[in-house]
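Peer 1: My structure is in work-v5.txt, and what it holds is compact mmCIF, C-alpha atoms and all ligand atoms:
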```
# COMPACT_ATOMS: atom_id res chain seq x y z
CA MET A 1 130.02 135.77 4.53
CA ALA A 2 126.33 134.93 4.78
CA GLU A 3 125.42 131.79 2.88
CA ASP A 4 122.75 133.53 0.79
CA MET A 5 125.22 136.20 -0.43
CA LYS A 6 127.65 133.65 -1.75
CA LYS A 7 127.76 133.25 -5.51
CA LYS A 8 126.65 129.82 -6.60
CA ILE A 9 129.03 128.17 -9.06
CA THR A 10 128.16 124.86 -10.71
CA ILE A 11 130.83 122.72 -12.36
CA ILE A 12 129.93 119.81 -14.64
CA GLY A 13 132.36 116.90 -14.99
CA ASN A 14 135.29 115.64 -12.90
CA GLY A 15 137.97 115.26 -15.56
CA PHE A 16 141.13 117.27 -16.18
CA ALA A 17 139.35 120.49 -17.25
CA SER A 18 137.02 120.64 -14.22
CA LEU A 19 139.67 119.73 -11.63
CA PHE A 20 142.15 122.26 -13.02
CA PHE A 21 139.31 124.78 -13.00
CA VAL A 22 138.64 124.16 -9.28
CA SER A 23 142.37 124.47 -8.46
CA TYR A 24 142.74 127.78 -10.27
CA LEU A 25 139.45 129.17 -8.99
CA LEU A 26 140.49 128.59 -5.39
CA VAL A 27 143.89 130.29 -5.91
CA LEU A 28 145.77 128.12 -3.43
CA PRO A 29 145.99 124.84 -5.32
CA VAL A 30 147.09 122.86 -2.25
CA TYR A 31 145.03 123.03 0.92
CA PRO A 32 146.84 122.44 4.15
CA ILE A 33 144.54 121.72 7.05
CA PHE A 34 144.26 125.29 8.39
CA THR A 35 143.23 126.78 5.05
CA PHE A 36 140.62 124.04 4.96
CA PHE A 37 138.91 125.71 7.94
CA LEU A 38 139.49 129.23 6.60
CA ARG A 39 137.82 128.18 3.35
CA ARG A 40 134.70 127.16 5.16
CA ILE A 41 134.49 130.51 6.94
CA PHE A 42 135.61 132.98 4.27
CA SER A 43 134.67 131.31 0.98
CA ARG A 44 133.04 133.74 -1.43
CA TYR A 45 131.57 130.94 -3.45
CA GLU A 46 129.26 128.03 -2.94
CA ILE A 47 130.64 125.48 -5.37
CA THR A 48 128.82 122.38 -6.56
CA LEU A 49 130.37 119.79 -8.86
CA ILE A 50 128.22 117.26 -10.70
CA GLY A 51 129.99 114.14 -11.97
CA ASN A 52 130.55 110.43 -11.45
CA GLY A 53 133.27 110.88 -8.79
CA ARG A 54 135.84 108.86 -10.72
CA PHE A 55 138.79 110.71 -12.22
CA ILE A 56 140.59 108.76 -14.95
CA TYR A 57 144.17 109.55 -15.90
CA PHE A 58 143.73 108.86 -19.64
CA PRO A 59 147.36 109.51 -20.68
CA ALA A 60 148.36 106.24 -18.97
CA ILE A 61 145.91 104.01 -20.87
CA PRO A 62 148.31 103.11 -23.74
CA GLU A 63 150.60 101.58 -21.07
CA PHE A 64 147.99 98.86 -20.43
CA ILE A 65 149.57 97.29 -23.55
CA VAL A 66 152.90 96.73 -21.76
CA GLY A 67 151.20 95.78 -18.48
CA LYS A 68 152.55 98.79 -16.54
CA LYS A 69 149.18 100.34 -15.71
CA THR A 70 145.76 99.03 -14.71
CA LYS A 71 142.28 100.48 -14.33
CA GLU A 72 142.76 100.65 -10.54
CA SER A 73 146.15 102.40 -10.72
CA ILE A 74 144.86 105.25 -12.90
CA THR A 75 141.41 105.82 -11.35
CA VAL A 76 140.97 108.18 -8.39
CA ASN A 77 137.86 108.60 -6.25
CA ILE A 78 137.72 112.39 -6.31
CA ARG A 79 135.27 112.94 -3.46
CA SER A 80 137.91 113.61 -0.75
CA TRP A 81 139.82 116.03 -2.98
CA LEU A 82 136.58 117.99 -3.47
CA TRP A 83 135.62 117.76 0.20
CA ARG A 84 139.00 119.23 1.22
CA ARG A 85 138.19 122.20 -1.05
CA ASN A 86 134.69 122.66 0.32
CA VAL A 87 133.15 121.71 -3.00
CA ARG A 88 129.78 119.96 -2.76
CA PHE A 89 129.74 116.80 -4.85
CA ILE A 90 126.63 115.52 -6.62
CA ASP A 91 126.90 111.99 -7.99
CA ASP A 92 124.77 112.32 -11.11
CA GLN A 93 124.77 112.86 -14.84
CA VAL A 94 123.76 116.11 -16.48
CA VAL A 95 121.14 115.69 -19.21
CA ASP A 96 120.27 119.29 -20.10
CA ILE A 97 121.18 122.94 -19.53
CA GLN A 98 118.43 125.57 -19.67
CA ASP A 99 117.67 129.28 -19.00
CA GLY A 100 120.82 130.51 -20.73
CA GLY A 101 122.94 128.33 -18.45
CA ARG A 102 121.31 129.19 -15.10
CA THR A 103 119.61 125.81 -14.69
CA VAL A 104 121.29 122.43 -14.92
CA LEU A 105 119.13 119.31 -15.14
CA THR A 106 120.41 115.91 -14.09
CA THR A 107 118.81 112.47 -14.16
CA ARG A 108 117.52 113.10 -10.63
CA GLY A 109 117.57 116.83 -9.95
CA ARG A 110 117.63 120.48 -10.93
CA TYR A 111 120.40 122.91 -9.90
CA THR A 112 120.50 126.66 -10.35
CA ASN A 113 123.65 128.81 -10.42
CA ASP A 114 125.12 132.28 -10.80
CA ALA A 115 127.93 130.91 -12.95
CA LEU A 116 128.51 127.63 -14.77
CA PHE A 117 131.64 125.77 -15.88
CA ILE A 118 131.32 122.88 -18.33
CA GLY A 119 134.08 120.26 -18.53
CA ILE A 120 132.21 117.24 -19.87
CA GLY A 121 135.02 115.97 -22.11
CA PRO A 122 134.76 114.44 -25.55
CA ALA A 123 132.35 112.31 -27.50
CA PHE A 124 133.67 110.41 -30.51
CA ARG A 125 132.31 110.48 -34.05
CA THR A 126 131.68 106.74 -34.09
CA ASP A 127 129.04 107.11 -36.82
CA ASP A 128 131.57 108.67 -39.22
CA ILE A 129 132.88 105.29 -40.47
CA PRO A 130 130.17 102.60 -40.22
CA GLY A 131 131.03 99.66 -37.96
CA THR A 132 133.38 101.67 -35.71
CA ALA A 133 131.42 100.98 -32.52
CA GLU A 134 130.88 97.29 -33.31
CA HIS A 135 134.25 96.24 -34.74
CA THR A 136 136.98 98.48 -33.29
CA PHE A 137 138.45 99.14 -29.85
CA SER A 138 139.65 102.54 -28.69
CA PRO A 139 141.98 103.53 -25.82
CA CYS A 140 139.96 106.75 -25.65
CA SER A 141 136.82 104.92 -24.50
CA GLY A 142 138.48 104.24 -21.16
CA PRO A 143 140.06 101.43 -19.12
CA ASP A 144 137.29 98.83 -19.63
CA GLU A 145 137.51 98.95 -23.40
CA MET A 146 141.32 98.89 -23.28
CA ASN A 147 141.10 95.82 -21.03
CA ALA A 148 138.78 94.19 -23.57
CA PHE A 149 141.32 94.93 -26.32
CA MET A 150 144.11 93.40 -24.20
CA HIS A 151 142.00 90.33 -23.55
CA ARG A 152 141.56 89.78 -27.30
CA LEU A 153 145.25 90.51 -27.97
CA ASN A 154 146.39 87.99 -25.38
CA GLN A 155 144.29 85.30 -27.07
CA LEU A 156 146.14 85.80 -30.36
CA ASP A 157 149.38 83.98 -31.16
CA GLU A 158 149.59 85.46 -34.62
CA GLY A 159 147.63 87.87 -36.76
CA VAL A 160 147.10 91.23 -38.37
CA ILE A 161 146.50 94.30 -36.22
CA TYR A 162 145.47 97.70 -37.53
CA VAL A 163 146.08 100.82 -35.43
CA GLY A 164 144.73 104.14 -36.66
CA PHE A 165 142.98 107.43 -36.13
CA LYS A 166 140.80 109.98 -37.86
CA LEU A 167 140.65 113.65 -36.89
CA ASN A 168 137.81 116.16 -36.84
CA LYS A 169 139.33 119.30 -38.35
CA LEU A 170 136.07 121.16 -39.04
CA ASP A 171 136.76 123.68 -36.27
CA GLY A 172 140.23 124.51 -37.58
CA PHE A 173 142.29 122.47 -35.11
CA VAL A 174 143.12 118.85 -34.33
CA ALA A 175 140.08 117.34 -32.60
CA GLY A 176 141.29 113.76 -32.36
CA ARG A 177 144.00 111.55 -30.92
CA GLY A 178 146.96 111.08 -33.23
CA GLY A 179 149.85 111.04 -30.74
CA GLN A 180 148.13 108.50 -28.50
CA MET A 181 147.67 106.07 -31.38
CA TYR A 182 151.34 106.35 -32.41
CA GLU A 183 152.17 105.54 -28.81
CA CYS A 184 149.83 102.51 -28.82
CA ALA A 185 151.37 101.20 -32.06
CA CYS A 186 154.94 101.46 -30.70
CA LEU A 187 153.99 99.88 -27.37
CA LEU A 188 152.24 97.06 -29.21
CA ASP A 189 155.46 96.34 -31.10
CA TYR A 190 157.38 96.38 -27.79
CA ALA A 191 154.91 94.07 -26.02
CA LEU A 192 154.80 91.52 -28.86
CA LYS A 193 158.62 91.46 -29.04
CA LYS A 194 158.74 90.86 -25.30
CA ARG A 195 156.34 87.93 -25.75
CA GLY A 196 158.67 86.65 -28.49
CA VAL A 197 155.91 86.63 -31.11
CA ARG A 198 156.44 89.90 -32.97
CA ASP A 199 157.46 88.12 -36.21
CA ARG A 200 154.09 86.35 -36.30
CA PHE A 201 152.17 89.66 -36.34
CA GLU A 202 151.65 92.37 -38.93
CA ILE A 203 151.02 95.80 -37.42
CA HIS A 204 149.54 98.37 -39.78
CA PHE A 205 149.29 102.07 -39.02
CA PHE A 206 146.60 103.99 -40.90
CA SER A 207 145.02 107.43 -40.99
CA PRO A 208 143.21 109.38 -43.67
CA ASN A 209 144.76 112.49 -42.11
CA ILE A 210 148.37 111.56 -42.92
CA GLU A 211 149.62 112.18 -46.44
CA PRO A 212 150.96 109.02 -48.12
CA GLY A 213 154.74 109.32 -48.20
CA GLU A 214 154.86 111.64 -45.18
CA THR A 215 158.27 111.69 -43.48
CA GLY A 216 159.49 112.87 -40.08
CA ALA A 217 160.62 111.70 -36.65
CA ILE A 218 157.41 109.80 -35.85
CA THR A 219 157.41 108.00 -39.21
CA ASP A 220 161.06 107.05 -38.56
CA ARG A 221 160.11 105.52 -35.19
CA LEU A 222 157.27 103.51 -36.80
CA GLN A 223 159.52 102.28 -39.61
CA GLU A 224 162.30 101.30 -37.17
CA ARG A 225 159.71 98.99 -35.58
CA GLY A 226 158.70 97.37 -38.84
CA LEU A 227 155.17 98.79 -38.91
CA ILE A 228 153.38 98.80 -42.25
CA LEU A 229 152.38 102.38 -43.00
CA ASP A 230 148.97 102.77 -44.62
CA TYR A 231 149.10 106.55 -44.56
CA GLY A 232 146.10 108.15 -46.28
CA TYR A 233 143.96 105.01 -45.88
CA GLU A 234 140.36 105.23 -44.72
CA PRO A 235 138.13 102.15 -44.75
CA ALA A 236 134.61 102.50 -46.13
CA GLU A 237 133.39 100.30 -43.27
CA PHE A 238 134.69 98.25 -40.35
CA VAL A 239 133.29 94.72 -40.55
CA GLU A 240 133.68 91.39 -38.78
CA GLY A 241 137.24 90.23 -39.49
CA GLY A 242 138.54 93.49 -40.93
CA MET A 243 137.68 96.46 -43.09
CA ARG A 244 135.78 96.85 -46.33
CA ASP A 245 137.13 99.33 -48.87
CA ALA A 246 135.13 101.54 -51.23
CA ASP A 247 135.64 99.04 -54.11
CA GLY A 248 134.09 96.26 -51.99
CA SER A 249 137.36 94.43 -51.26
CA LEU A 250 138.09 93.19 -47.76
CA ARG A 251 141.26 93.83 -45.74
CA ARG A 252 141.73 91.16 -43.13
CA ALA A 253 142.38 92.33 -39.56
CA ASP A 254 142.19 90.26 -36.39
CA LEU A 255 142.07 93.36 -34.22
CA VAL A 256 141.55 97.06 -34.88
CA LEU A 257 142.51 99.80 -32.43
CA PHE A 258 140.99 102.97 -33.83
CA THR A 259 140.01 106.42 -32.62
CA PRO A 260 137.54 108.62 -34.52
CA GLY A 261 137.46 112.42 -34.40
CA ILE A 262 136.22 114.31 -31.35
CA LYS A 263 133.10 116.43 -30.80
CA ALA A 264 131.00 117.42 -27.78
CA PRO A 265 128.53 114.88 -26.30
CA ASP A 266 125.22 114.65 -28.20
CA TRP A 267 122.87 115.95 -25.46
CA VAL A 268 124.52 119.38 -25.80
CA ARG A 269 122.72 119.82 -29.15
CA GLN A 270 119.31 119.78 -27.45
CA SER A 271 120.42 122.22 -24.71
CA CYS A 272 120.65 126.01 -24.85
CA LEU A 273 124.40 125.82 -25.62
CA PRO A 274 125.64 126.98 -29.03
CA VAL A 275 127.41 124.31 -31.10
CA SER A 276 130.24 124.96 -33.57
CA ARG A 277 130.43 123.61 -37.13
CA GLY A 278 132.63 120.75 -35.93
CA GLY A 279 130.22 119.84 -33.11
CA HIS A 280 131.98 121.43 -30.13
CA ILE A 281 130.51 123.78 -27.53
CA ASP A 282 131.19 127.16 -29.11
CA VAL A 283 133.41 129.34 -26.90
CA ASP A 284 135.35 132.57 -27.35
CA LYS A 285 139.01 133.22 -26.57
CA TYR A 286 138.18 133.82 -22.88
CA GLY A 287 136.52 130.41 -22.57
CA GLN A 288 133.02 131.98 -22.43
CA VAL A 289 130.25 130.06 -24.12
CA LYS A 290 129.14 132.36 -26.92
CA GLY A 291 125.89 134.26 -26.44
CA LEU A 292 125.41 133.19 -22.80
CA GLU A 293 126.26 135.03 -19.59
CA ASN A 294 128.57 133.61 -16.92
CA VAL A 295 128.90 130.28 -18.71
CA PHE A 296 132.37 128.89 -19.43
CA ALA A 297 133.64 125.67 -20.99
CA ALA A 298 137.10 124.15 -21.46
CA GLY A 299 138.76 120.90 -22.40
CA ASP A 300 137.81 118.40 -25.07
CA CYS A 301 134.12 119.38 -25.25
CA SER A 302 134.79 122.90 -26.50
CA ASN A 303 136.37 124.55 -29.53
CA HIS A 304 138.80 127.50 -29.74
CA GLU A 305 138.43 130.95 -31.24
CA ASP A 306 141.07 131.35 -33.95
CA PRO A 307 143.23 128.34 -33.12
CA PRO A 308 146.49 127.44 -34.88
CA PRO A 309 145.72 124.40 -37.08
CA TRP A 310 148.15 122.10 -35.24
CA VAL A 311 146.70 122.46 -31.72
CA PRO A 312 145.21 119.19 -30.39
CA HIS A 313 142.84 118.38 -27.56
CA GLN A 314 145.11 117.56 -24.60
CA ALA A 315 145.00 117.49 -20.82
CA HIS A 316 147.73 120.08 -21.05
CA MET A 317 145.56 122.39 -23.19
CA ALA A 318 142.64 121.77 -20.82
CA GLN A 319 144.87 123.07 -18.00
CA LEU A 320 145.80 126.27 -19.86
CA ARG A 321 142.18 126.89 -20.85
CA SER A 322 140.74 126.18 -17.40
CA GLN A 323 143.26 128.55 -15.82
CA ALA A 324 142.08 131.41 -18.07
CA ALA A 325 138.41 130.46 -17.58
CA ALA A 326 138.75 130.45 -13.77
CA LYS A 327 140.33 133.92 -13.73
CA ASN A 328 137.71 135.24 -16.18
CA LEU A 329 134.85 133.74 -14.18
CA ARG A 330 136.07 135.57 -11.08
CA GLN A 331 136.17 138.80 -13.09
CA VAL A 332 132.66 138.47 -14.52
CA LEU A 333 131.25 137.63 -11.09
CA ASN A 334 132.82 140.91 -9.91
CA GLY A 335 131.07 142.76 -12.72
CA GLN A 336 134.23 143.20 -14.82
CA PRO A 337 134.75 142.06 -18.42
CA PRO A 338 137.01 139.00 -18.93
CA THR A 339 140.61 139.74 -19.97
CA HIS A 340 142.52 136.44 -19.69
CA THR A 341 143.34 134.48 -22.84
CA TYR A 342 145.51 131.37 -23.08
CA ARG A 343 148.55 130.14 -25.00
CA PHE A 344 148.29 127.30 -27.48
CA GLU A 345 150.71 124.50 -26.79
CA LEU A 346 151.12 120.88 -27.85
CA SER A 347 153.28 119.09 -25.35
CA CYS A 348 153.47 115.38 -24.70
CA ILE A 349 155.92 112.55 -24.25
CA LEU A 350 155.57 109.74 -26.78
CA ASN A 351 156.44 106.65 -24.76
CA MET A 352 157.80 103.74 -26.77
CA GLU A 353 159.19 101.95 -23.66
CA ASN A 354 162.63 101.42 -25.24
CA ASP A 355 162.74 105.03 -26.46
CA ALA A 356 160.73 108.26 -26.04
CA MET A 357 160.26 111.63 -27.74
CA TRP A 358 158.99 114.94 -26.40
CA LEU A 359 156.57 116.26 -29.02
CA HIS A 360 156.23 120.00 -28.72
CA ALA A 361 154.84 123.08 -30.48
CA ALA A 362 153.79 126.41 -28.95
CA SER A 363 152.11 129.55 -30.24
CA ASP A 364 154.87 131.64 -28.60
CA ASP A 365 157.72 129.21 -29.36
CA LYS A 366 158.52 128.78 -25.64
CA PRO A 367 160.24 125.42 -25.04
CA PRO A 368 158.76 122.97 -22.49
CA PHE A 369 160.17 123.30 -18.95
CA TRP A 370 162.90 125.78 -19.95
CA ASN A 371 164.43 123.04 -22.11
CA ILE A 372 165.79 121.10 -19.14
CA PHE A 373 164.64 117.78 -20.61
CA PRO A 374 166.07 116.14 -23.74
CA ARG A 375 163.77 115.92 -26.75
CA ARG A 376 164.59 112.29 -27.38
CA SER A 377 165.73 109.88 -24.70
CA ARG A 378 164.59 106.70 -23.05
CA LYS A 379 164.77 108.62 -19.74
CA LEU A 380 161.62 110.52 -20.78
CA VAL A 381 159.67 107.31 -20.04
CA THR A 382 160.55 107.86 -16.35
CA VAL A 383 159.76 111.58 -16.61
CA LYS A 384 156.28 110.80 -17.98
CA ASP A 385 155.75 108.31 -15.18
CA GLN A 386 156.79 110.86 -12.55
CA PHE A 387 154.34 113.49 -13.88
CA GLU A 388 151.58 110.93 -13.51
CA ARG A 389 152.63 109.88 -10.01
CA LEU A 390 152.84 113.51 -8.86
CA TYR A 391 149.43 114.41 -10.23
CA LEU A 392 147.72 111.32 -8.82
CA PHE A 393 149.41 111.88 -5.44
CA TYR A 394 148.10 115.46 -5.47
CA LEU A 395 144.57 114.27 -6.23
CA ARG A 396 144.64 111.48 -3.66
CA HIS A 397 146.31 113.26 -0.73
CA LEU A 398 146.55 117.08 -1.07
C1 LIG B 1 144.75 107.21 -24.52
C2 LIG B 1 144.90 108.67 -24.25
C3 LIG B 1 146.16 109.22 -24.03
C4 LIG B 1 146.31 110.59 -23.77
N1 LIG B 1 147.57 111.10 -23.55
C5 LIG B 1 147.71 112.42 -23.25
C6 LIG B 1 148.99 112.97 -22.92
O1 LIG B 1 150.01 112.27 -22.93
N2 LIG B 1 149.06 114.29 -22.61
C7 LIG B 1 147.95 115.09 -22.61
O2 LIG B 1 148.08 116.28 -22.28
N3 LIG B 1 146.73 114.60 -22.90
C8 LIG B 1 146.58 113.30 -23.24
N4 LIG B 1 145.33 112.79 -23.54
C9 LIG B 1 144.18 113.70 -23.68
C10 LIG B 1 143.53 114.01 -22.35
O3 LIG B 1 143.26 112.84 -21.62
C11 LIG B 1 142.25 114.78 -22.61
O4 LIG B 1 142.54 115.91 -23.41
C12 LIG B 1 141.64 115.23 -21.30
O5 LIG B 1 141.16 114.10 -20.60
C13 LIG B 1 140.53 116.24 -21.51
O6 LIG B 1 140.02 116.64 -20.28
P1 LIG B 1 138.46 116.95 -20.11
O7 LIG B 1 138.26 117.35 -18.71
O8 LIG B 1 138.02 117.85 -21.20
O9 LIG B 1 137.76 115.54 -20.40
P2 LIG B 1 137.79 114.22 -19.49
O10 LIG B 1 139.09 114.07 -18.83
O11 LIG B 1 137.31 113.13 -20.40
O12 LIG B 1 136.69 114.50 -18.38
C14 LIG B 1 135.34 114.67 -18.69
C15 LIG B 1 134.56 114.51 -17.40
O13 LIG B 1 133.19 114.85 -17.60
C16 LIG B 1 132.36 113.84 -17.03
N5 LIG B 1 131.10 113.88 -17.75
C17 LIG B 1 130.87 113.62 -19.06
N6 LIG B 1 129.58 113.79 -19.35
C18 LIG B 1 128.96 114.18 -18.22
C19 LIG B 1 127.62 114.50 -17.88
N7 LIG B 1 126.64 114.47 -18.79
N8 LIG B 1 127.34 114.85 -16.60
C20 LIG B 1 128.31 114.90 -15.66
N9 LIG B 1 129.60 114.60 -15.93
C21 LIG B 1 129.91 114.24 -17.19
C22 LIG B 1 133.17 112.56 -17.19
O14 LIG B 1 132.74 111.56 -16.29
C23 LIG B 1 134.56 113.09 -16.83
O15 LIG B 1 134.73 113.15 -15.45
C24 LIG B 1 145.16 111.42 -23.76
C25 LIG B 1 143.90 110.86 -23.98
C26 LIG B 1 143.75 109.51 -24.20
C27 LIG B 1 142.37 108.93 -24.41
```
Would you mind writing the structure in this file as C-alpha cells?
Ligand SMILES: Cc1cc2nc3c(=O)[nH]c(=O)nc-3n(C[C@H](O)[C@H](O)[C@H](O)COP(=O)(O)OP(=O)(O)OC[C@H]3O[C@@H](n4cnc5c(N)ncnc54)[C@H](O)[C@@H]3O)c2cc1C

Peer 2:
Amino acid sequence: MAEDMKKKITIIGNGFASLFFVSYLLVLPVYPIFTFFLRRIFSRYEITLIGNGRFIYFPAIPEFIVGKKTKESITVNIRSWLWRRNVRFIDDQVVDIQDGGRTVLTTRGRYTNDALFIGIGPAFRTDDIPGTAEHTFSPCSGPDEMNAFMHRLNQLDEGVIYVGFKLNKLDGFVAGRGGQMYECACLLDYALKKRGVRDRFEIHFFSPNIEPGETGAITDRLQERGLILDYGYEPAEFVEGGMRDADGSLRRADLVLFTPGIKAPDWVRQSCLPVSRGGHIDVDKYGQVKGLENVFAAGDCSNHEDPPPWVPHQAHMAQLRSQAAAKNLRQVLNGQPPTHTYRFELSCILNMENDAMWLHAASDDKPPFWNIFPRRSRKLVTVKDQFERLYLFYLRHL
C-alpha cells in the first residue's frame, strides 16, 4: 500500500496499556521473522509510539523487599520489540494534545495522526495529604524510589514502620493500590523475620478506605503476621519522623510506605482532553475519549463508563481495555461505529513469600484460568513468577 494512503496512528506511552494495544492492533501478537517482512509490505497503518523506551514490570516491585527482584531485572528496553512490529519509536515526552486529538506536542516535536491511543499511566494525588511527597515512599513511583526505601530499611535495626494506602473513588471505582500495599506489608514481615529482627519492629497497616473492624481473608493474613491494624486511620499530615493527626498529636514512624489515590497526569488538564470528576481522562465503554473523534485511552490514566465499584486499576484491566480499544480503533478507521466493550475483572496473586492468595472478582463471575489454580497456596508464588518471566521473555525476544 502506498505510504501516503496508510492511516497514521500515534500511541503515547510504553507501559502495559500501550504495549497490549500494539499487540491487539496487529492481530498476530508474536512476529516470526517472515511476518516481519510481510508487515513492512502490507501494513495498513503507519504506527508511531512516543515514550521513554523503558518498560517497567510494576507488579514485581514489592519483591524488592525480599531481594528477589531488582530494577534491572524488571526493566525492558522496548525499542527492539517495537522495531520487530514496524512501529516507529520516538524517544520523547508528550506535553500537550491539540486539534481534538489530531496533533500531539512533545518537548521537541509535533506529530499529527488519523487516530490516537493514550496510555500514559497514572499520576498520584500526592497533594491530598500534605507531606506525602516529602516524607513517604511509594512502590508505585517506580524502582528508584523502592530502592531508596530499601536503603533506609536496611539501615534500621529496630523501629516503627507504617504501610498504607488511600483510594480515589470519585469516579465510582477503585483508583488506587490496595492489594499492592497488603503485599508489601506481608513481604516486609517476611524479610524482617528472615533478618531475625522482626520482634524489634512494629509494622502498622493503615487506610482511611478500610472500615475499622473489617474482617476477611486479607485481614486474617495481616493478623497472622502480627501487624497492627490501623484501619480507618488517615493522618492530617506526614511530617519528619512520623504523622501528625488532626488533634495535633504526633505518631512516631521511622519509615512510611504509602500510596495515594490515582488520577491522570496533570498536563492532561491543559490539553483538549475531557477530564472526569475524579481526574481521569474521560472515556466511554468503548475506550473512546468522550467528545473527540478517533481518540482512545486505556489503563490507569482513564476512567470507566458505569464501572462496578470494586474494579481497580490493574495491568490486567489495562489488557482487557486495550484489546477492546484496538478492535474499536480498527472499526472507526474503517468508517464503522465501535462495538467492542470489555469485561471488568480483578485478578491478582497476593504474594506473601511463605503463602499466597489469588484475589479475584469478575463482572460475569468467570473464574480465573478455568479454575485450574488453587485460590490459596504457596505454589502461587511460583505461578506469579512464571507469568512475569513469560511476559518479559515475550517483550525481550518475540
Ligand atoms: C507495586 C505495584 C504492583 C502491582 N501489581 C499488579 C499486579 O499484581 N497485577 C496487575 O494486574 N497489576 C498490578 N499493578 C498495576 C499495574 O502495574 C498498572 O495497572 C499498569 O502499569 C497500568 O498500565 P498503564 O499502561 O496504564 O501505565 P504504566 O504501566 O504506568 O505505563 C505508562 C507509560 O506511559 C509513559 N508516559 C507517561 N507520561 C508520558 C508522557 N507525557 N509522554 C510519553 N509517555 C509517557 C510512561 O513512561 C509509561 O511507559 C501494580 C502496580 C504497582 C505500582

Peer 1: In Å, with one decimal, what is the gap from atom CA of Thr75 of chain A to atom CA of Met352 of chain A?

Peer 2: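 These atoms are spaced 22.6 Å apart.
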
Peer 1: Mind listing the residues within 6 Å of ligand LIG 1 (chain B), all atoms listed in the file counted, as a ChimeraX atom specification?

Peer 2: /A:12-18,50-52,55,58-59,61-62,93-95,119-122,139-140,180,299-301,313-316,318,348

Peer 1: Quote the spacing between atom CA of Arg54 of chain A and atom CA of His397 of chain A in Å to one decimal place.

Peer 2: 15.1 Å

Peer 1: Hey, which of A:Leu192, A:Ile118, A:Pro208, A:Asn351 ends up closest to Val22 of chain A? Count all atoms listed in the file.

Peer 2: A:Ile118

Peer 1: Quick one, how far is atom CA of Asp254 of chain A from atom CA of Lys193 of chain A?

Peer 2: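 Here the two named atoms are 18.0 Å from each other.
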
Peer 1: Within 12 Å of (138.8, 133.3, -35.4) (coordinates as in the file), grab all the protein and nucleic acid residues, counting only C-alpha atoms, and write them out as a list of chain:residue names.

Peer 2: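 The residues near that point, listed by chain and number, are A:Asp171, A:Gly172, A:Phe173, A:Asp282, A:Val283, A:Asp284, A:Lys285, A:Asn303, A:His304, A:Glu305, A:Asp306, A:Pro307, A:Pro308, A:Pro309.
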
Peer 1: For His360 of chain A, find every residue with an atom within 9 Å (counting all atoms listed in the file), except residues of its own chain fewer than 3 positions away, and show them as a ChimeraX atom specification.

Peer 2: /A:345-349,367-368,375

Peer 1: Would you mind exporting C-alpha atoms of the selected residues as a PDB file, in the frame of the given file?

Peer 2:
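This is the output file result-v4.pdb:
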```
ATOM      1  CA  GLU A 345     150.710 124.500 -26.790  1.00  0.00           C
ATOM      2  CA  LEU A 346     151.120 120.880 -27.850  1.00  0.00           C
ATOM      3  CA  SER A 347     153.280 119.090 -25.350  1.00  0.00           C
ATOM      4  CA  CYS A 348     153.470 115.380 -24.700  1.00  0.00           C
ATOM      5  CA  ILE A 349     155.920 112.550 -24.250  1.00  0.00           C
ATOM      6  CA  PRO A 367     160.240 125.420 -25.040  1.00  0.00           C
ATOM      7  CA  PRO A 368     158.760 122.970 -22.490  1.00  0.00           C
ATOM      8  CA  ARG A 375     163.770 115.920 -26.750  1.00  0.00           C
TER       9      ARG A 375
END
```

Peer 1: For segment 321-332 of chain A, take all atoms listed in the file, fit an axis-aligned box around them, add 4 Å to each of the six sides, then output centre and edge lengths in Å rounded to one decimal, as JSON.

Peer 2:
```
{"center_x": 138.0, "center_y": 132.5, "center_z": -16.0, "size_x": 18.6, "size_y": 20.6, "size_z": 17.8}
```

Peer 1: Using all atoms listed in the file, pick whichever of A:Tyr394, A:Trp83, A:Tyr24, A:Phe296 has the shortest atom-to-atom distance to Thr10 of chain A.

Peer 2: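 With all atoms listed in the file as the atom set, the closest residue is A:Phe296.
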
Peer 1: Between A:Ala297, A:Leu390, A:Leu49, A:Ala191, which one has atoms that come closest to Tyr111 of chain A, using only C-alpha atoms?

Peer 2: A:Leu49

Peer 1: Just the residues within 12 Å of segment 148-152 of chain A, please, counting all atoms listed in the file, with nothing from its chain fewer than 4 positions along; format it as JSON, numbers by chain.

Peer 2: {"A": [61, 62, 63, 64, 65, 66, 67, 70, 71, 135, 136, 137, 138, 139, 140, 141, 142, 143, 144, 156, 157, 158, 159, 161, 163, 184, 188, 191, 192, 254, 255, 256, 257, 258]}

Peer 1: Selected residues, C-alpha atoms, written as a tab-separated table (two decimals), in the coordinates of the input, please.

Peer 2:
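Done, and the output landed in part.tsv:
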```tsv
chain	number	residue	atom	x	y	z
A	61	ILE	CA	145.91	104.01	-20.87
A	62	PRO	CA	148.31	103.11	-23.74
A	63	GLU	CA	150.60	101.58	-21.07
A	64	PHE	CA	147.99	98.86	-20.43
A	65	ILE	CA	149.57	97.29	-23.55
A	66	VAL	CA	152.90	96.73	-21.76
A	67	GLY	CA	151.20	95.78	-18.48
A	70	THR	CA	145.76	99.03	-14.71
A	71	LYS	CA	142.28	100.48	-14.33
A	135	HIS	CA	134.25	96.24	-34.74
A	136	THR	CA	136.98	98.48	-33.29
A	137	PHE	CA	138.45	99.14	-29.85
A	138	SER	CA	139.65	102.54	-28.69
A	139	PRO	CA	141.98	103.53	-25.82
A	140	CYS	CA	139.96	106.75	-25.65
A	141	SER	CA	136.82	104.92	-24.50
A	142	GLY	CA	138.48	104.24	-21.16
A	143	PRO	CA	140.06	101.43	-19.12
A	144	ASP	CA	137.29	98.83	-19.63
A	156	LEU	CA	146.14	85.80	-30.36
A	157	ASP	CA	149.38	83.98	-31.16
A	158	GLU	CA	149.59	85.46	-34.62
A	159	GLY	CA	147.63	87.87	-36.76
A	161	ILE	CA	146.50	94.30	-36.22
A	163	VAL	CA	146.08	100.82	-35.43
A	184	CYS	CA	149.83	102.51	-28.82
A	188	LEU	CA	152.24	97.06	-29.21
A	191	ALA	CA	154.91	94.07	-26.02
A	192	LEU	CA	154.80	91.52	-28.86
A	254	ASP	CA	142.19	90.26	-36.39
A	255	LEU	CA	142.07	93.36	-34.22
A	256	VAL	CA	141.55	97.06	-34.88
A	257	LEU	CA	142.51	99.80	-32.43
A	258	PHE	CA	140.99	102.97	-33.83
```

Peer 1: Please write segment 101-106 of chain A of the preceding block to a file containing C-alpha atoms, as a compact mmCIF listing (two decimals), in the first residue's frame?

Peer 2:
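Below you can see part_8.txt, which holds the result:
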```
# COMPACT_ATOMS: atom_id res chain seq x y z
CA GLY A 101 -6.53 14.82 19.27
CA ARG A 102 -5.04 15.18 15.77
CA THR A 103 -1.86 16.91 16.96
CA VAL A 104 0.47 15.67 19.66
CA LEU A 105 3.13 18.03 21.02
CA THR A 106 6.28 16.75 22.66
```
